[in-house]
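Report on one structure; see the data block that follows.
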Amino acid sequence: MRDIKIPKGFIVFISGVPGTGKTTISYNLLKRHNDFRIVEETDLIREVLLGYNEYLITEYQPDSDFIKNINITDHNILLTLREAKKQCHHMKKSFEKIIERQQRKGIPTIINGVHIIPSVLNGICNNKNLIYINLYVNNETSIYNRIYGRAPSSYMLKHISLIYKTNQDLFTEVDFLSKNNEPYLFNNIDTTDLGLEETLKLIDKMIIKRTTALN
């Protein structure tokens with residue numbers, strides 16, 4: 001399966017809440033397929049927008065409706081799906097520019113992050129030459145154990161219920177999208193009991209199905 005052909009400029013979006021395995025999966029997918037590159041600009045986009053928001057508050061009227069509508073949170077604030085959607089909406093144009101650049105250069109690219117909300121990004125670049133893969137887990141204990149395993153003192157451990165609820169809501173949305181859009185464009189993967197190799201093989205199959213459907 002590792003010798004599958006990745007189309008030039010093919011974009012793999014990997015979404016999911018903390019603890020679902022986005023970073024681990026992304027970097028191992030990169031090792032598995034040398035054609036891929038990982039774009040780590042999503043966090044940078046967030047920081048730039050956060051700084052710009054603070055600039056606007058300083059320079060203009062902080063109580064104006066315009067300023068209130070631009071609400072970019074920092075990394076230690078966990079979001080509901082509704083809040084995450086709003087933030088992704090602010091970042092959408094930046095994501096679009098990244099995709100256009102990578103596709104123009106013909107570079108297969110993995111873009112991951114908690115900022116990736118498939119329902120908001122649906123239709124970006126006309127959904128051409130890309131796939132969405134949402135990673136989720138099916139119980140709170142698994143999320144707790146995963147976050148605890150990598151950072152026993154993480155502030156996120158106090159907010160497992162919120163993280164799990166966002167995880168459930170994201171799964172539900174992606175499941176709906178998968179049934180009401182182009183074939184194999186939106187995909188959920190339950191990583192709760194899946195090993196790394198099993199997950200990677202499943203992603204390979206999804207990429208094959210998606211690229212076949214595009215041809």
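FYI, nothing fancy with the structure tokens labels: chains A, B, ... in order, residues from 1 per chain, ligands from 1 as they appear.
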
Within 8 Å of stretch 151-163 of chain A, counting only C-alpha atoms, which residues qualify if same-chain residues fewer than 5 places away don't, as a short mmCIF file (atom, residue, chain, number, x, y, z; two decimals) with C-alpha atoms, in the first residue's frame?
data_model
loop_
_atom_site.label_atom_id
_atom_site.label_comp_id
_atom_site.auth_asym_id
_atom_site.auth_seq_id
_atom_site.Cartn_x
_atom_site.Cartn_y
_atom_site.Cartn_z
CA VAL A 17 -9.54 17.59 19.16
CA PRO A 18 -6.42 17.24 21.35
CA ASN A 76 -4.70 27.76 26.49
CA LEU A 78 -10.36 25.22 24.72
CA LEU A 79 -13.29 25.74 22.38
CA THR A 80 -16.71 24.28 21.76
CA GLU A 140 -13.59 10.35 27.57
CA ILE A 143 -8.76 11.24 25.62
CA TYR A 144 -7.71 11.69 29.24
#

Sorted by chain and rising residue number, list the residues of stretch 108-140 of chain A at most 8 Å from stretch 183-186 of chain A (counting only C-alpha atoms), each with its closest atom pair and distance in Å to one decimal, as a Markdown table.
| residue | atom | partner | partner_atom | distance |
| --- | --- | --- | --- | --- |
| A:Pro118 | CA | A:Phe186 | CA | 7.8 |
| A:Leu130 | CA | A:Leu185 | CA | 7.3 |
| A:Ile131 | CA | A:Leu185 | CA | 5.0 |
| A:Tyr132 | CA | A:Phe186 | CA | 4.9 |
| A:Ile133 | CA | A:Phe186 | CA | 6.2 |
| A:Asn134 | CA | A:Phe186 | CA | 7.8 |

>> With distances taken over only C-alpha atoms, which residue among A:Leu214, A:Arg37, A:Lys205, A:Lys179 lies nearest A:Asn127?
In response: A:Leu214

> Which one is closest to A:Ile124: A:Phe13, A:Gly19, A:Asn180, A:Tyr27? Count only C-alpha atoms.
Replying inline: A:Phe13

>> Would you pick out the contacts of A:Gln103 at 9 Å or less, using only C-alpha atoms, so that residues sharing its chain but fewer than 4 positions from it are not included, and give the list as a ChimeraX atom specification?
In response: /A:8-11,98-99,107-109,129

>> Write out as an NGL selection string the set of residues from stretch 70-130 of chain A that DSSP, computed on the backbone, places in alpha helix (DSSP H).
In response: :A and (81-105 or 118-121)

Save the residues we just selected, N, CA and C atoms, as an mmCIF file, in the first residue's frame?
data_model
loop_
_atom_site.group_PDB
_atom_site.id
_atom_site.type_symbol
_atom_site.label_atom_id
_atom_site.label_comp_id
_atom_site.auth_asym_id
_atom_site.auth_seq_id
_atom_site.Cartn_x
_atom_site.Cartn_y
_atom_site.Cartn_z
ATOM 1 N N LEU A 81 -17.387 23.378 19.619
ATOM 2 C CA LEU A 81 -17.370 23.324 18.155
ATOM 3 C C LEU A 81 -17.866 24.644 17.566
ATOM 4 N N ARG A 82 -18.873 25.230 18.174
ATOM 5 C CA ARG A 82 -19.402 26.515 17.687
ATOM 6 C C ARG A 82 -18.320 27.595 17.721
ATOM 7 N N GLU A 83 -17.574 27.651 18.809
ATOM 8 C CA GLU A 83 -16.501 28.641 18.929
ATOM 9 C C GLU A 83 -15.368 28.353 17.944
ATOM 10 N N ALA A 84 -15.056 27.065 17.788
ATOM 11 C CA ALA A 84 -13.996 26.677 16.851
ATOM 12 C C ALA A 84 -14.380 27.022 15.416
ATOM 13 N N LYS A 85 -15.651 26.884 15.093
ATOM 14 C CA LYS A 85 -16.128 27.244 13.751
ATOM 15 C C LYS A 85 -15.908 28.722 13.467
ATOM 16 N N LYS A 86 -16.216 29.543 14.443
ATOM 17 C CA LYS A 86 -16.056 30.984 14.265
ATOM 18 C C LYS A 86 -14.591 31.329 14.026
ATOM 19 N N GLN A 87 -13.706 30.689 14.797
ATOM 20 C CA GLN A 87 -12.288 30.950 14.641
ATOM 21 C C GLN A 87 -11.780 30.462 13.287
ATOM 22 N N CYS A 88 -12.234 29.283 12.867
ATOM 23 C CA CYS A 88 -11.830 28.748 11.567
ATOM 24 C C CYS A 88 -12.312 29.656 10.443
ATOM 25 N N HIS A 89 -13.488 30.228 10.623
ATOM 26 C CA HIS A 89 -14.025 31.152 9.609
ATOM 27 C C HIS A 89 -13.082 32.340 9.406
ATOM 28 N N HIS A 90 -12.536 32.860 10.507
ATOM 29 C CA HIS A 90 -11.594 33.980 10.412
ATOM 30 C C HIS A 90 -10.309 33.569 9.698
ATOM 31 N N MET A 91 -9.967 32.289 9.783
ATOM 32 C CA MET A 91 -8.711 31.796 9.224
ATOM 33 C C MET A 91 -8.865 31.245 7.811
ATOM 34 N N LYS A 92 -10.103 31.155 7.333
ATOM 35 C CA LYS A 92 -10.385 30.439 6.086
ATOM 36 C C LYS A 92 -9.620 30.982 4.891
ATOM 37 N N LYS A 93 -9.578 32.298 4.734
ATOM 38 C CA LYS A 93 -8.874 32.878 3.591
ATOM 39 C C LYS A 93 -7.395 32.529 3.610
ATOM 40 N N SER A 94 -6.815 32.487 4.808
ATOM 41 C CA SER A 94 -5.400 32.124 4.927
ATOM 42 C C SER A 94 -5.192 30.676 4.520
ATOM 43 N N PHE A 95 -6.092 29.784 4.945
ATOM 44 C CA PHE A 95 -6.008 28.384 4.530
ATOM 45 C C PHE A 95 -6.094 28.277 3.013
ATOM 46 N N GLU A 96 -6.993 29.050 2.436
ATOM 47 C CA GLU A 96 -7.184 29.004 0.992
ATOM 48 C C GLU A 96 -5.909 29.414 0.260
ATOM 49 N N LYS A 97 -5.227 30.441 0.755
ATOM 50 C CA LYS A 97 -3.980 30.891 0.133
ATOM 51 C C LYS A 97 -2.903 29.804 0.224
ATOM 52 N N ILE A 98 -2.848 29.111 1.356
ATOM 53 C CA ILE A 98 -1.879 28.026 1.517
ATOM 54 C C ILE A 98 -2.153 26.916 0.500
ATOM 55 N N ILE A 99 -3.421 26.513 0.375
ATOM 56 C CA ILE A 99 -3.789 25.456 -0.557
ATOM 57 C C ILE A 99 -3.460 25.860 -1.988
ATOM 58 N N GLU A 100 -3.832 27.074 -2.347
ATOM 59 C CA GLU A 100 -3.559 27.543 -3.705
ATOM 60 C C GLU A 100 -2.064 27.515 -4.004
ATOM 61 N N ARG A 101 -1.259 27.916 -3.035
ATOM 62 C CA ARG A 101 0.201 27.919 -3.232
ATOM 63 C C ARG A 101 0.735 26.510 -3.415
ATOM 64 N N GLN A 102 0.320 25.591 -2.539
ATOM 65 C CA GLN A 102 0.821 24.221 -2.603
ATOM 66 C C GLN A 102 0.352 23.518 -3.876
ATOM 67 N N GLN A 103 -0.884 23.759 -4.277
ATOM 68 C CA GLN A 103 -1.397 23.134 -5.491
ATOM 69 C C GLN A 103 -0.749 23.736 -6.737
ATOM 70 N N ARG A 104 -0.495 25.029 -6.692
ATOM 71 C CA ARG A 104 0.192 25.670 -7.815
ATOM 72 C C ARG A 104 1.598 25.100 -7.997
ATOM 73 N N LYS A 105 2.264 24.822 -6.896
ATOM 74 C CA LYS A 105 3.620 24.269 -6.947
ATOM 75 C C LYS A 105 3.627 22.749 -7.102
ATOM 76 N N PRO A 118 -13.946 20.975 9.171
ATOM 77 C CA PRO A 118 -14.349 20.617 7.803
ATOM 78 C C PRO A 118 -15.604 21.322 7.300
ATOM 79 N N SER A 119 -16.598 21.502 8.166
ATOM 80 C CA SER A 119 -17.840 22.134 7.698
ATOM 81 C C SER A 119 -17.612 23.582 7.290
ATOM 82 N N VAL A 120 -16.666 24.257 7.929
ATOM 83 C CA VAL A 120 -16.351 25.647 7.580
ATOM 84 C C VAL A 120 -15.523 25.701 6.300
ATOM 85 N N LEU A 121 -14.611 24.753 6.148
ATOM 86 C CA LEU A 121 -13.716 24.754 4.991
ATOM 87 C C LEU A 121 -14.332 24.084 3.765
#

> When you draw a straight line from atom CA of A:Leu29 to atom CA of A:Glu197, how long is it in Å?
Replying inline: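 Result for atom CA of A:Leu29 versus atom CA of A:Glu197: 9.8 Å, one decimal.
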
>> Could you tell me how far atom CA of A:Lys5 sits from atom CA of A:Lys209, in Å to one decimal place?
In response: 12.0 Å

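Picture a line from atom CA of A:Asn34 to atom CA of A:Ile110; it runs 11.7 Å.
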
> Just asking: which residues within stretch 117-183 of chain A are strand (DSSP E or B) according to DSSP, as an MDAnalysis selection string?
Replying inline: chainID A and resid 130:136

>> Excluding A:Thr199 and its own-chain neighbours fewer than 5 positions away, which residues fall within 8 Å of it when counting only C-alpha atoms? Please give them as JSON, numbers by chain.
In response: {"A": [25, 189, 191, 194]}

Emit the selected residues as a short mmCIF file (atom, residue, chain, number, x, y, z; two decimals), in the first residue's frame, including C-alpha atoms.
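Output (out38.cif):
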data_model
loop_
_atom_site.label_atom_id
_atom_site.label_comp_id
_atom_site.auth_asym_id
_atom_site.auth_seq_id
_atom_site.Cartn_x
_atom_site.Cartn_y
_atom_site.Cartn_z
CA ILE A 25 -0.50 10.46 12.34
CA ILE A 189 -11.55 7.56 11.69
CA THR A 191 -8.52 5.99 16.54
CA LEU A 194 -6.46 1.49 16.22
#

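Every protein or nucleic acid residue with an atom no more than 10 Å from A:Glu173, counting only C-alpha atoms and leaving out same-chain residues fewer than 2 positions away, appears here: A:Leu81, A:Ile117, A:Pro118, A:Ser119, A:Gln168, A:Asp169, A:Leu170, A:Phe171, A:Asp175, A:Phe176, A:Leu177, A:Ser178, A:Phe186, A:Asn188.
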
>> Measuring between only C-alpha atoms, which one of A:Lys165, A:Arg210, A:His115, A:Lys201 shows the shortest distance to A:Gly16?
In response: A:His115

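Among the candidates A:Thr166, A:Asn139, A:Leu196, A:Lys128, the one nearest to A:Ala213 when counting only C-alpha atoms is A:Lys128.
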